[in-house]
Each structure stands twice: as C-alpha cells, then as structure tokens.
$ cat coords_31.cif   # mmCIF, C-alpha atoms and all ligand atoms
data_data
loop_
_atom_site.label_atom_id
_atom_site.label_comp_id
_atom_site.auth_asym_id
_atom_site.auth_seq_id
_atom_site.Cartn_x
_atom_site.Cartn_y
_atom_site.Cartn_z
CA MET Z 55 35.56 3.33 59.41
CA SER Z 56 38.50 5.53 58.60
CA GLY Z 57 38.15 8.02 55.73
CA ASP Z 58 39.98 11.06 54.49
CA ASN Z 59 37.55 13.20 56.48
CA ASP Z 60 36.06 11.50 59.52
CA GLY Z 61 32.84 9.76 58.47
CA ASP Z 62 33.13 11.20 54.96
CA VAL Z 63 33.01 8.47 52.35
CA THR Z 64 33.36 10.83 49.42
CA ALA Z 65 37.18 10.84 49.46
CA GLN Z 66 37.67 11.04 45.72
CA LEU Z 67 40.50 10.16 43.45
CA ASN Z 68 39.32 11.18 40.02
CA ALA Z 69 36.07 13.16 40.14
CA ARG Z 70 35.34 12.23 36.52
CA GLY Z 71 35.70 8.51 37.21
CA ASP Z 72 32.57 6.37 37.33
CA VAL Z 73 33.99 3.39 39.22
CA ALA Z 74 34.33 2.46 42.89
CA VAL Z 75 36.82 -0.29 43.71
CA VAL Z 76 36.19 -2.46 46.76
CA VAL Z 77 39.39 -4.13 47.98
CA PRO Z 78 39.04 -7.11 50.33
CA ALA Z 79 42.30 -7.12 52.32
CA ALA Z 80 41.28 -8.66 55.64
CA GLY Z 81 42.50 -12.21 55.08
CA ALA Z 82 45.04 -13.91 57.35
CA GLY Z 83 47.14 -15.50 54.63
CA VAL Z 84 47.22 -18.94 56.25
CA ARG Z 85 48.54 -20.58 53.06
CA LEU Z 86 51.43 -18.10 52.96
CA GLY Z 87 52.59 -19.32 56.39
CA PRO Z 88 52.86 -17.61 59.80
CA GLY Z 89 53.19 -13.83 59.86
CA ALA Z 90 51.25 -10.60 59.58
CA PRO Z 91 47.88 -10.49 57.76
CA LYS Z 92 48.69 -11.22 54.10
CA ALA Z 93 47.89 -7.76 52.74
CA LEU Z 94 50.50 -6.28 55.12
CA ARG Z 95 53.31 -8.66 54.20
CA LEU Z 96 56.16 -7.26 52.17
CA LEU Z 97 56.93 -7.57 48.48
CA ASP Z 98 60.14 -5.77 47.52
CA GLY Z 99 60.00 -3.86 50.82
CA GLU Z 100 56.40 -2.65 50.57
CA PRO Z 101 53.14 -4.23 51.81
CA LEU Z 102 51.13 -6.10 49.17
CA LEU Z 103 48.29 -3.66 49.86
CA VAL Z 104 50.44 -0.66 48.91
CA HIS Z 105 51.33 -2.30 45.59
CA ALA Z 106 47.65 -3.10 45.00
CA ILE Z 107 46.33 0.39 45.83
CA ARG Z 108 49.03 2.15 43.81
CA ARG Z 109 47.96 0.23 40.70
CA THR Z 110 44.25 0.56 41.45
CA ALA Z 111 44.54 4.32 41.91
CA SER Z 112 46.39 4.71 38.62
CA ALA Z 113 43.38 3.47 36.61
CA PRO Z 114 41.74 6.61 35.18
CA SER Z 115 38.15 5.36 35.68
CA VAL Z 116 38.53 4.94 39.45
CA ARG Z 117 36.73 7.58 41.50
CA MET Z 118 36.78 5.87 44.90
CA ILE Z 119 38.59 3.04 46.70
CA VAL Z 120 37.23 1.25 49.77
CA VAL Z 121 39.55 -1.18 51.56
CA ALA Z 122 38.30 -3.87 53.95
CA ALA Z 123 41.18 -4.27 56.43
CA PRO Z 124 41.76 -6.67 59.33
CA PRO Z 125 39.57 -5.16 62.09
CA ALA Z 126 42.52 -4.52 64.41
CA ASP Z 127 44.41 -2.67 61.67
CA VAL Z 128 41.84 -0.21 60.27
CA ASP Z 129 43.60 2.96 61.49
CA ALA Z 130 47.08 1.62 60.66
CA VAL Z 131 45.96 0.70 57.14
CA HIS Z 132 44.48 4.15 56.63
CA ALA Z 133 47.76 5.74 57.74
CA LEU Z 134 49.72 3.37 55.48
CA LEU Z 135 47.64 4.14 52.39
CA SER Z 136 47.04 7.87 52.81
CA PRO Z 137 50.33 8.83 51.11
CA VAL Z 138 49.47 6.46 48.21
CA ALA Z 139 45.87 7.46 47.41
CA PRO Z 140 42.68 8.75 49.08
CA VAL Z 141 40.96 5.67 50.48
CA VAL Z 142 38.16 4.75 52.84
CA VAL Z 143 39.03 1.87 55.17
CA VAL Z 144 36.44 -0.34 56.87
CA ALA Z 145 36.76 -3.39 59.10
CA GLY Z 146 36.63 -6.64 57.15
CA GLY Z 147 34.74 -9.75 58.20
CA ALA Z 148 35.38 -13.41 58.94
CA GLU Z 149 35.06 -14.47 55.28
CA ARG Z 150 36.06 -12.71 52.06
CA GLN Z 151 32.37 -12.32 51.20
CA ASP Z 152 31.76 -10.51 54.53
CA SER Z 153 34.67 -8.17 53.84
CA VAL Z 154 33.34 -7.31 50.38
CA ALA Z 155 29.86 -6.69 51.82
CA ALA Z 156 31.25 -4.36 54.52
CA ALA Z 157 33.13 -2.29 51.95
CA LEU Z 158 30.27 -2.28 49.46
CA ALA Z 159 28.00 -0.87 52.17
CA VAL Z 160 29.86 2.48 52.12
CA VAL Z 161 29.95 2.92 48.32
CA PRO Z 162 27.58 5.81 47.51
CA ASP Z 163 24.56 5.02 45.31
CA ASP Z 164 25.60 7.54 42.66
CA ILE Z 165 28.57 5.39 41.59
CA GLY Z 166 27.20 3.05 38.96
CA ILE Z 167 30.06 0.58 38.53
CA VAL Z 168 31.77 -1.38 41.31
CA LEU Z 169 34.91 -3.45 40.85
CA VAL Z 170 35.93 -5.97 43.50
CA HIS Z 171 39.67 -6.54 43.64
CA ASP Z 172 41.73 -8.81 45.92
CA ALA Z 173 44.60 -7.07 47.69
CA ALA Z 174 46.35 -10.40 47.17
CA ARG Z 175 46.36 -9.78 43.37
CA CYS Z 176 48.61 -6.83 44.05
CA LEU Z 177 50.25 -6.53 40.63
CA ALA Z 178 47.06 -6.35 38.55
CA PRO Z 179 47.74 -3.50 36.12
CA ALA Z 180 45.65 -0.39 35.52
CA ASP Z 181 44.74 -1.52 32.00
CA LEU Z 182 43.03 -4.61 33.43
CA PHE Z 183 40.80 -2.36 35.59
CA GLU Z 184 40.00 -0.30 32.51
CA ARG Z 185 39.19 -3.40 30.40
CA VAL Z 186 36.78 -4.73 33.04
CA ALA Z 187 35.13 -1.33 33.63
CA ALA Z 188 34.72 -0.77 29.89
CA ALA Z 189 32.87 -4.07 29.48
CA VAL Z 190 30.44 -3.11 32.27
CA ARG Z 191 29.99 0.33 30.69
CA GLU Z 192 29.15 -1.38 27.40
CA GLY Z 193 26.20 -3.11 29.08
CA ALA Z 194 27.33 -6.26 30.90
CA ASP Z 195 25.88 -6.91 34.37
CA ALA Z 196 29.05 -8.65 35.53
CA VAL Z 197 32.52 -9.02 34.04
CA ILE Z 198 35.41 -11.24 35.10
CA PRO Z 199 39.00 -11.37 33.87
CA ALA Z 200 39.93 -14.94 33.01
CA LEU Z 201 42.80 -16.97 31.57
CA PRO Z 202 42.73 -20.33 29.82
CA VAL Z 203 43.68 -23.33 31.98
CA VAL Z 204 47.12 -24.62 31.00
CA ASP Z 205 47.25 -27.96 32.83
CA THR Z 206 45.32 -31.12 32.03
CA ILE Z 207 42.55 -31.27 34.64
CA LYS Z 208 41.35 -34.54 36.19
CA GLU Z 209 38.27 -35.24 38.26
CA VAL Z 210 39.31 -37.45 41.19
CA SER Z 211 37.55 -39.24 44.02
CA ALA Z 212 38.38 -38.63 47.70
CA ASP Z 213 40.83 -41.57 47.66
CA GLY Z 214 42.75 -40.13 44.69
CA THR Z 215 41.33 -42.41 42.01
CA VAL Z 216 40.95 -40.65 38.68
CA LEU Z 217 37.32 -40.51 37.58
CA GLY Z 218 37.92 -38.74 34.28
CA THR Z 219 39.62 -36.00 32.31
CA VAL Z 220 37.80 -32.68 32.11
CA ASP Z 221 37.54 -30.82 28.78
CA ARG Z 222 39.80 -27.89 29.61
CA SER Z 223 38.76 -25.92 26.54
CA VAL Z 224 35.62 -24.88 28.43
CA LEU Z 225 37.48 -23.96 31.65
CA ARG Z 226 38.93 -20.61 32.71
CA ALA Z 227 40.99 -19.53 35.72
CA VAL Z 228 39.28 -16.47 37.12
CA GLN Z 229 40.96 -13.36 38.52
CA THR Z 230 40.08 -9.97 39.92
CA PRO Z 231 39.20 -7.11 39.46
CA GLN Z 232 35.66 -8.35 38.79
CA GLY Z 233 33.27 -5.65 37.63
CA PHE Z 234 29.55 -5.17 38.21
CA ARG Z 235 26.71 -2.80 37.69
CA ALA Z 236 26.40 -1.61 41.28
CA PRO Z 237 22.72 -2.61 41.80
CA VAL Z 238 23.45 -6.12 40.50
CA LEU Z 239 26.33 -6.62 42.94
CA ARG Z 240 24.24 -5.25 45.82
CA ALA Z 241 21.36 -7.59 44.93
CA ALA Z 242 23.72 -10.56 44.66
CA HIS Z 243 25.22 -9.90 48.09
CA ALA Z 244 21.79 -9.33 49.65
CA ALA Z 245 20.54 -12.64 48.23
CA ALA Z 246 23.67 -14.71 48.93
CA ALA Z 247 22.54 -17.56 51.16
CA ASP Z 248 25.85 -19.41 51.15
CA LEU Z 249 29.53 -18.61 50.71
CA HIS Z 250 30.97 -17.88 47.28
CA THR Z 251 34.67 -17.90 46.44
CA ASP Z 252 34.12 -14.97 44.09
CA ASP Z 253 31.50 -12.24 43.69
CA ALA Z 254 30.55 -13.33 40.19
CA GLY Z 255 29.41 -16.60 41.76
CA ALA Z 256 26.76 -14.75 43.74
CA VAL Z 257 25.62 -12.97 40.57
CA GLU Z 258 25.39 -16.31 38.75
CA LYS Z 259 23.08 -17.54 41.53
CA LEU Z 260 20.76 -14.61 40.72
CA GLY Z 261 20.51 -15.99 37.19
CA ARG Z 262 22.26 -12.94 35.69
CA SER Z 263 24.86 -13.37 33.01
CA VAL Z 264 28.56 -12.99 33.68
CA VAL Z 265 31.01 -12.41 30.82
CA CYS Z 266 34.76 -12.90 30.55
CA VAL Z 267 37.43 -10.51 29.32
CA PRO Z 268 41.09 -11.51 28.91
CA GLY Z 269 42.93 -11.66 32.23
CA SER Z 270 46.57 -10.80 32.95
CA ASP Z 271 49.53 -12.89 34.11
CA PHE Z 272 50.36 -9.95 36.39
CA ALA Z 273 47.06 -10.43 38.25
CA LEU Z 274 48.26 -13.66 39.88
CA LYS Z 275 47.04 -14.16 43.43
CA ILE Z 276 49.71 -14.27 46.13
CA THR Z 277 48.60 -17.41 47.93
CA ARG Z 278 51.68 -19.54 48.71
CA PRO Z 279 55.34 -18.59 49.33
CA LEU Z 280 56.27 -19.45 45.73
CA ASP Z 281 53.83 -16.77 44.52
CA LEU Z 282 55.83 -14.12 46.39
CA ALA Z 283 58.96 -15.22 44.53
CA VAL Z 284 57.12 -15.09 41.20
CA ALA Z 285 55.71 -11.64 42.02
CA THR Z 286 59.17 -10.38 42.97
CA HIS Z 287 60.33 -11.34 39.48
CA LEU Z 288 57.22 -9.87 37.82
CA LEU Z 289 58.01 -6.54 39.52
CA THR Z 290 61.20 -6.35 37.49
CA LEU Z 291 59.11 -6.67 34.31
CA SER Z 292 56.33 -4.20 35.18
CA SER Z 293 56.43 -0.45 35.59
N1 LIG Z 301 37.97 -12.74 55.75
C1 LIG Z 301 38.60 -12.37 54.64
C2 LIG Z 301 39.33 -13.32 53.85
C3 LIG Z 301 39.98 -12.88 52.71
N2 LIG Z 301 39.93 -11.58 52.38
C4 LIG Z 301 40.67 -11.08 51.20
O1 LIG Z 301 40.24 -11.75 50.03
C5 LIG Z 301 41.30 -11.80 49.10
C6 LIG Z 301 41.43 -13.21 48.53
O2 LIG Z 301 41.61 -14.11 49.59
P1 LIG Z 301 42.84 -15.08 49.74
O3 LIG Z 301 43.89 -14.75 48.79
O4 LIG Z 301 42.32 -16.46 49.81
O5 LIG Z 301 43.42 -14.57 51.15
P2 LIG Z 301 43.40 -15.23 52.59
O6 LIG Z 301 42.00 -15.59 53.01
O7 LIG Z 301 44.13 -14.27 53.42
O8 LIG Z 301 44.26 -16.55 52.34
P3 LIG Z 301 44.29 -17.89 53.21
O9 LIG Z 301 43.06 -18.66 52.82
O10 LIG Z 301 45.56 -18.53 52.80
O11 LIG Z 301 44.26 -17.48 54.68
C7 LIG Z 301 42.57 -11.34 49.82
O12 LIG Z 301 42.95 -10.05 49.37
C8 LIG Z 301 42.16 -11.36 51.27
O13 LIG Z 301 42.81 -10.36 52.07
C9 LIG Z 301 39.21 -10.64 53.15
O14 LIG Z 301 39.18 -9.46 52.84
N3 LIG Z 301 38.55 -11.08 54.27
C1 LIG Z 302 38.08 -14.06 43.98
C2 LIG Z 302 39.18 -14.97 43.51
O1 LIG Z 302 40.43 -14.32 43.60
C3 LIG Z 302 38.95 -15.30 42.05
O2 LIG Z 302 39.90 -16.22 41.61
C4 LIG Z 302 39.24 -16.24 44.31
O3 LIG Z 302 38.07 -16.97 44.12
C5 LIG Z 302 39.52 -16.04 45.78
O4 LIG Z 302 39.55 -17.33 46.37
P1 LIG Z 302 40.25 -17.68 47.73
O5 LIG Z 302 39.66 -19.00 48.12
O6 LIG Z 302 39.87 -16.58 48.68
O7 LIG Z 302 41.70 -17.80 47.47
#
$ encode --input "coords_31.cif" --output "structure tokens"
Amino acid sequence: MSGDNDGDVTAQLNARGDVAVVVPAAGAGVRLGPGAPKALRLLDGEPLLVHAIRRTASAPSVRMIVVAAPPADVDAVHALLSPVAPVVVVAGGAERQDSVAAALAVVPDDIGIVLVHDAARCLAPADLFERVAAAVREGADAVIPALPVVDTIKEVSADGTVLGTVDRSVLRAVQTPQGFRAPVLRAAHAAAADLHTDDAGAVEKLGRSVVCVPGSDFALKITRPLDLAVATHLLTLSS
C-alpha cells in the first residue's frame, strides 16, 4: 500500500465529505490492444487514471480515494497521482472484483458511503458522482447510473441464429460510479461466490434492491481503440 503518510489511510480530500471512492485501475486493457496497463495509457497526453482522479477529486462529497493499481506499479501510480489529489494506492487483483475488494479493505468504517468507479470511465463528471451519492444518502442501498439502450437487441444462439428480439424498453446500459451504503457493499463482496461484472450484481445476489439514476454520455468506458478517439473528442466538449 502507498498512502500520503506511510500506512496512513486517512489521506483526506474534503474532510466534510461522506464518500470514499474505490477506483479499480489494475486491468490490462487487452481489448485496447498491446501496450501499458489501460489506466496508464494516454488520452490527450495524460494517463486515463489522471483524468479519472482529477474528476473524482472535484466532486465535493468525496473525502477519500483508494486506487487499485497493477501490482508492479503501486509506487509509480502513487507518484503519478500525488500532484493531482491525495490518494491511497493498493495492489489490484487478477479480476476487477478482486481489485475492488482490495481497495475496499482499506476504507475506514466511519465512511458510510462507498462509490466504485472504473478508471476506464475516465471522463465521468463530478455531477454524476454527486447524483449517485445523493441517491444513497436519500436511503438507497445501491445506486447505479444507467442509460437507455439505443440499438435493437437480439438474442442469438451460438451459431448466430436469431432466437428473438428483446424488449429494449426494460434494458439499461450500466456505468460507474456505482454507489453503496458501505456495509451493504462489504456484505456483498464477502458473500460473492462467483464473479460479477459489476458491484451492483453482487448486491443483487444478496437480495437487496438496486436503483438507477440517469447516467452520462461522458462516463463511457474506454474499452476499444475507437473509444479513445471518442473520448478525445469528448474532451473538447467538457471542462
Ligand atoms: N483485474 C482487474 C481488471 C480490471 N480492473 C479495472 O476495472 C475497470 C473495468 O475493467 P475493463 O474496462 O474491462 O478493463 P480491463 O480488464 O483492463 O479490460 P480488458 O478486459 O480489455 O483487458 C478498469 O478500470 C480496470 O482497470 C481492475 O482494477 N483489475
Ligand atoms: C462495471 C462496469 O463498468 C459497468 O458497466 C462493467 O460491468 C465492467 O465490465 P468489464 O467486463 O470489466 O468491461
């Protein structure tokens, strides 16, 4: 672990904030093609992780940020982010879920709301963090930002034969930051017996309710090379 004071996980941003943000950033970025770990690849000359932390830190509710970095890069990531915001950096795991669990483990118990935010959604704006946190504060166990699905969606068999058309009015594309009452997220991770592609999925397995708030086009996930081109353009539209 690398914190602002060695072993001190209280490195605080806004002492009046009531939110800790856990940032999984340990992925390889296989779908982006060969290169550095995805969070360290450049967008307009700066690593995706720098863009992500700058926006995360600008949300007024955020008291603490914990980044799960590629294990070999923990110290380098701490040095990279220190000029941007006070952060704690831990070693991530083999799967996203492991990285979230490693970061969650150092969030102090007195922080009641935890947001989980992909470094890969590096342009998610501060107002999205505030919208998610506000919904948790108002009483929800778990909150996810979501957008309507714009394409027609088909169910297909393994050989490509169409089995049917799905009613897209009941579907949503889900983003991060996802927000949780801290004990609910801890319980969901402790109980998770299999892998989930998002943290809300583990909460659903507990039988707790998860609610949606409107997502943001700026919270797109950098997954493939085209996404980097889209994000480069979005940067010209955002502050
Ligand atoms: N073992 C892992 C895998 C993923 N992540 C993080 O989880 C977020 C969402 O994952 P994704 O965008 O799928 O990233 P990668 O796993 O890096 O992508 P790929 O599957 O293309 O390798 C990213 O911020 C990524 O760094 C992580 O912290 N630890
Ligand atoms: C958490 C997430 O970003 C919500 O859309 C997504 O599930 C991550 O999935 P990936 O398989 O790691 O890309």
$ atom_distance --input "coords_31.cif" --atom1 "atom CA of Z:Leu102" --atom2 "atom CA of Z:Arg235"
27.2 Å
$ residues_around --input "coords_31.cif" --residues "Z:Asp164" --least-positions-apart "2" --cutoff "12 Å" --atoms "all atoms listed in the file" --output "compact mmCIF listing (two decimals) with C-alpha atoms, keeping the file's coordinate frame"
# COMPACT_ATOMS: atom_id res chain seq x y z
CA THR Z 64 33.36 10.83 49.42
CA GLY Z 71 35.70 8.51 37.21
CA ASP Z 72 32.57 6.37 37.33
CA VAL Z 73 33.99 3.39 39.22
CA ALA Z 74 34.33 2.46 42.89
CA ARG Z 117 36.73 7.58 41.50
CA MET Z 118 36.78 5.87 44.90
CA VAL Z 160 29.86 2.48 52.12
CA VAL Z 161 29.95 2.92 48.32
CA PRO Z 162 27.58 5.81 47.51
CA GLY Z 166 27.20 3.05 38.96
CA ILE Z 167 30.06 0.58 38.53
CA VAL Z 168 31.77 -1.38 41.31
CA ARG Z 235 26.71 -2.80 37.69
CA ALA Z 236 26.40 -1.61 41.28
CA PRO Z 237 22.72 -2.61 41.80
$ atom_distance --input "coords_31.cif" --atom1 "atom CA of Z:Arg240" --atom2 "atom CA of Z:Ala159"
8.6 Å
$ residues_near_ligand --input "coords_31.cif" --ligand "ligand LIG 302 (chain Z)" --cutoff "6 Å" --atoms "all atoms listed in the file" --output "JSON, numbers by chain"
{"Z": [228, 229, 230, 251, 252]}
$ residues_around --input "coords_31.cif" --residues "Z:Ala123" --least-positions-apart "4" --cutoff "6 Å" --atoms "all atoms listed in the file" --output "MDAnalysis selection string"
chainID Z and resid 79:80 128 145:146
$ closest_atom_pairs --input "coords_31.cif" --of "chain Z" --to "ligand LIG 301 (chain Z)" --cutoff "8 Å" --atoms "only C-alpha atoms and all ligand atoms" --output "CSV"
residue,atom,partner,partner_atom,distance
Z:Val77,CA,Z:LIG301,O12,7.0
Z:Pro78,CA,Z:LIG301,O14,3.4
Z:Ala79,CA,Z:LIG301,O13,3.3
Z:Ala80,CA,Z:LIG301,O14,3.6
Z:Gly81,CA,Z:LIG301,O7,3.1
Z:Ala82,CA,Z:LIG301,O7,4.1
Z:Gly83,CA,Z:LIG301,O7,3.5
Z:Val84,CA,Z:LIG301,O11,3.7
Z:Arg85,CA,Z:LIG301,O10,3.6
Z:Leu86,CA,Z:LIG301,O10,5.9
Z:Gly87,CA,Z:LIG301,O10,7.9
Z:Pro91,CA,Z:LIG301,O7,6.9
Z:Lys92,CA,Z:LIG301,O7,5.5
Z:Ala93,CA,Z:LIG301,O13,5.7
Z:Ala122,CA,Z:LIG301,O14,5.8
Z:Ala123,CA,Z:LIG301,O14,6.6
Z:Pro124,CA,Z:LIG301,N3,7.4
Z:Gly146,CA,Z:LIG301,N3,5.6
Z:Gly147,CA,Z:LIG301,N1,5.0
Z:Ala148,CA,Z:LIG301,N1,4.2
Z:Glu149,CA,Z:LIG301,N1,3.4
Z:Arg150,CA,Z:LIG301,C1,3.6
Z:Gln151,CA,Z:LIG301,N3,7.0
Z:Asp152,CA,Z:LIG301,N1,6.7
Z:Ser153,CA,Z:LIG301,O14,4.8
Z:Val154,CA,Z:LIG301,O14,6.7
Z:His171,CA,Z:LIG301,O12,7.5
Z:Asp172,CA,Z:LIG301,O12,3.9
Z:Ala173,CA,Z:LIG301,O12,3.8
Z:Ala174,CA,Z:LIG301,O12,4.1
Z:Arg175,CA,Z:LIG301,O12,6.9
Z:Lys275,CA,Z:LIG301,O3,6.2
Z:Ile276,CA,Z:LIG301,O3,6.4
Z:Thr277,CA,Z:LIG301,O3,5.5
Z:Arg278,CA,Z:LIG301,O10,7.4
$ build_atoms --input "coords_31.cif" --residues "stretch 92-128 of chain Z" --atoms "N, CA and C atoms" --output "compact mmCIF listing (two decimals), keeping the file's coordinate frame"
# COMPACT_ATOMS: atom_id res chain seq x y z
N LYS Z 92 48.01 -11.15 55.41
CA LYS Z 92 48.69 -11.22 54.10
C LYS Z 92 48.85 -9.86 53.43
N ALA Z 93 47.82 -9.03 53.47
CA ALA Z 93 47.89 -7.76 52.74
C ALA Z 93 48.99 -6.84 53.28
N LEU Z 94 49.47 -7.13 54.51
CA LEU Z 94 50.50 -6.28 55.12
C LEU Z 94 51.89 -6.89 55.00
N ARG Z 95 51.98 -8.07 54.39
CA ARG Z 95 53.31 -8.66 54.20
C ARG Z 95 54.03 -7.97 53.05
N LEU Z 96 55.36 -8.07 53.08
CA LEU Z 96 56.16 -7.26 52.17
C LEU Z 96 56.49 -7.96 50.86
N LEU Z 97 56.44 -7.17 49.79
CA LEU Z 97 56.93 -7.57 48.48
C LEU Z 97 57.87 -6.46 48.05
N ASP Z 98 59.14 -6.78 47.86
CA ASP Z 98 60.14 -5.77 47.52
C ASP Z 98 60.10 -4.58 48.50
N GLY Z 99 59.91 -4.89 49.79
CA GLY Z 99 60.00 -3.86 50.82
C GLY Z 99 58.72 -3.08 51.09
N GLU Z 100 57.66 -3.37 50.34
CA GLU Z 100 56.40 -2.65 50.57
C GLU Z 100 55.27 -3.66 50.76
N PRO Z 101 54.27 -3.30 51.62
CA PRO Z 101 53.14 -4.23 51.81
C PRO Z 101 52.41 -4.51 50.50
N LEU Z 102 51.91 -5.73 50.37
CA LEU Z 102 51.13 -6.10 49.17
C LEU Z 102 50.04 -5.07 48.92
N LEU Z 103 49.41 -4.59 50.00
CA LEU Z 103 48.29 -3.66 49.86
C LEU Z 103 48.73 -2.34 49.22
N VAL Z 104 49.93 -1.90 49.52
CA VAL Z 104 50.44 -0.66 48.91
C VAL Z 104 50.62 -0.86 47.41
N HIS Z 105 51.20 -2.01 47.03
CA HIS Z 105 51.33 -2.30 45.59
C HIS Z 105 49.94 -2.30 44.93
N ALA Z 106 48.99 -2.96 45.59
CA ALA Z 106 47.65 -3.10 45.00
C ALA Z 106 46.97 -1.74 44.85
N ILE Z 107 47.04 -0.91 45.87
CA ILE Z 107 46.33 0.39 45.83
C ILE Z 107 47.01 1.34 44.86
N ARG Z 108 48.33 1.26 44.77
CA ARG Z 108 49.03 2.15 43.81
C ARG Z 108 48.53 1.87 42.39
N ARG Z 109 48.41 0.58 42.05
CA ARG Z 109 47.96 0.23 40.70
C ARG Z 109 46.47 0.54 40.51
N THR Z 110 45.68 0.26 41.53
CA THR Z 110 44.25 0.56 41.45
C THR Z 110 44.02 2.04 41.22
N ALA Z 111 44.74 2.87 41.98
CA ALA Z 111 44.54 4.32 41.91
C ALA Z 111 45.01 4.91 40.58
N SER Z 112 45.88 4.17 39.88
CA SER Z 112 46.39 4.71 38.62
C SER Z 112 45.45 4.43 37.44
N ALA Z 113 44.36 3.70 37.68
CA ALA Z 113 43.38 3.47 36.61
C ALA Z 113 42.49 4.70 36.49
N PRO Z 114 42.43 5.33 35.31
CA PRO Z 114 41.74 6.61 35.18
C PRO Z 114 40.25 6.58 35.54
N SER Z 115 39.59 5.44 35.41
CA SER Z 115 38.15 5.36 35.68
C SER Z 115 37.81 5.36 37.17
N VAL Z 116 38.81 5.17 38.02
CA VAL Z 116 38.53 4.94 39.45
C VAL Z 116 38.28 6.27 40.18
N ARG Z 117 37.08 6.39 40.73
CA ARG Z 117 36.73 7.58 41.50
C ARG Z 117 36.96 7.36 43.00
N MET Z 118 36.75 6.12 43.45
CA MET Z 118 36.78 5.87 44.90
C MET Z 118 37.32 4.47 45.18
N ILE Z 119 38.07 4.35 46.27
CA ILE Z 119 38.59 3.04 46.70
C ILE Z 119 38.17 2.80 48.14
N VAL Z 120 37.58 1.64 48.40
CA VAL Z 120 37.23 1.25 49.77
C VAL Z 120 37.97 -0.05 50.09
N VAL Z 121 38.75 -0.02 51.15
CA VAL Z 121 39.55 -1.18 51.56
C VAL Z 121 38.90 -1.82 52.79
N ALA Z 122 38.74 -3.13 52.76
CA ALA Z 122 38.30 -3.87 53.95
C ALA Z 122 39.55 -4.46 54.60
N ALA Z 123 39.92 -3.91 55.76
CA ALA Z 123 41.18 -4.27 56.43
C ALA Z 123 40.90 -5.22 57.60
N PRO Z 124 41.95 -5.91 58.08
CA PRO Z 124 41.76 -6.67 59.33
C PRO Z 124 41.24 -5.71 60.40
N PRO Z 125 40.21 -6.10 61.15
CA PRO Z 125 39.57 -5.16 62.09
C PRO Z 125 40.54 -4.46 63.03
N ALA Z 126 41.58 -5.15 63.46
CA ALA Z 126 42.52 -4.52 64.41
C ALA Z 126 43.43 -3.50 63.73
N ASP Z 127 43.42 -3.48 62.40
CA ASP Z 127 44.41 -2.67 61.67
C ASP Z 127 43.78 -1.54 60.85
N VAL Z 128 42.52 -1.20 61.12
CA VAL Z 128 41.84 -0.21 60.27
C VAL Z 128 42.59 1.13 60.27
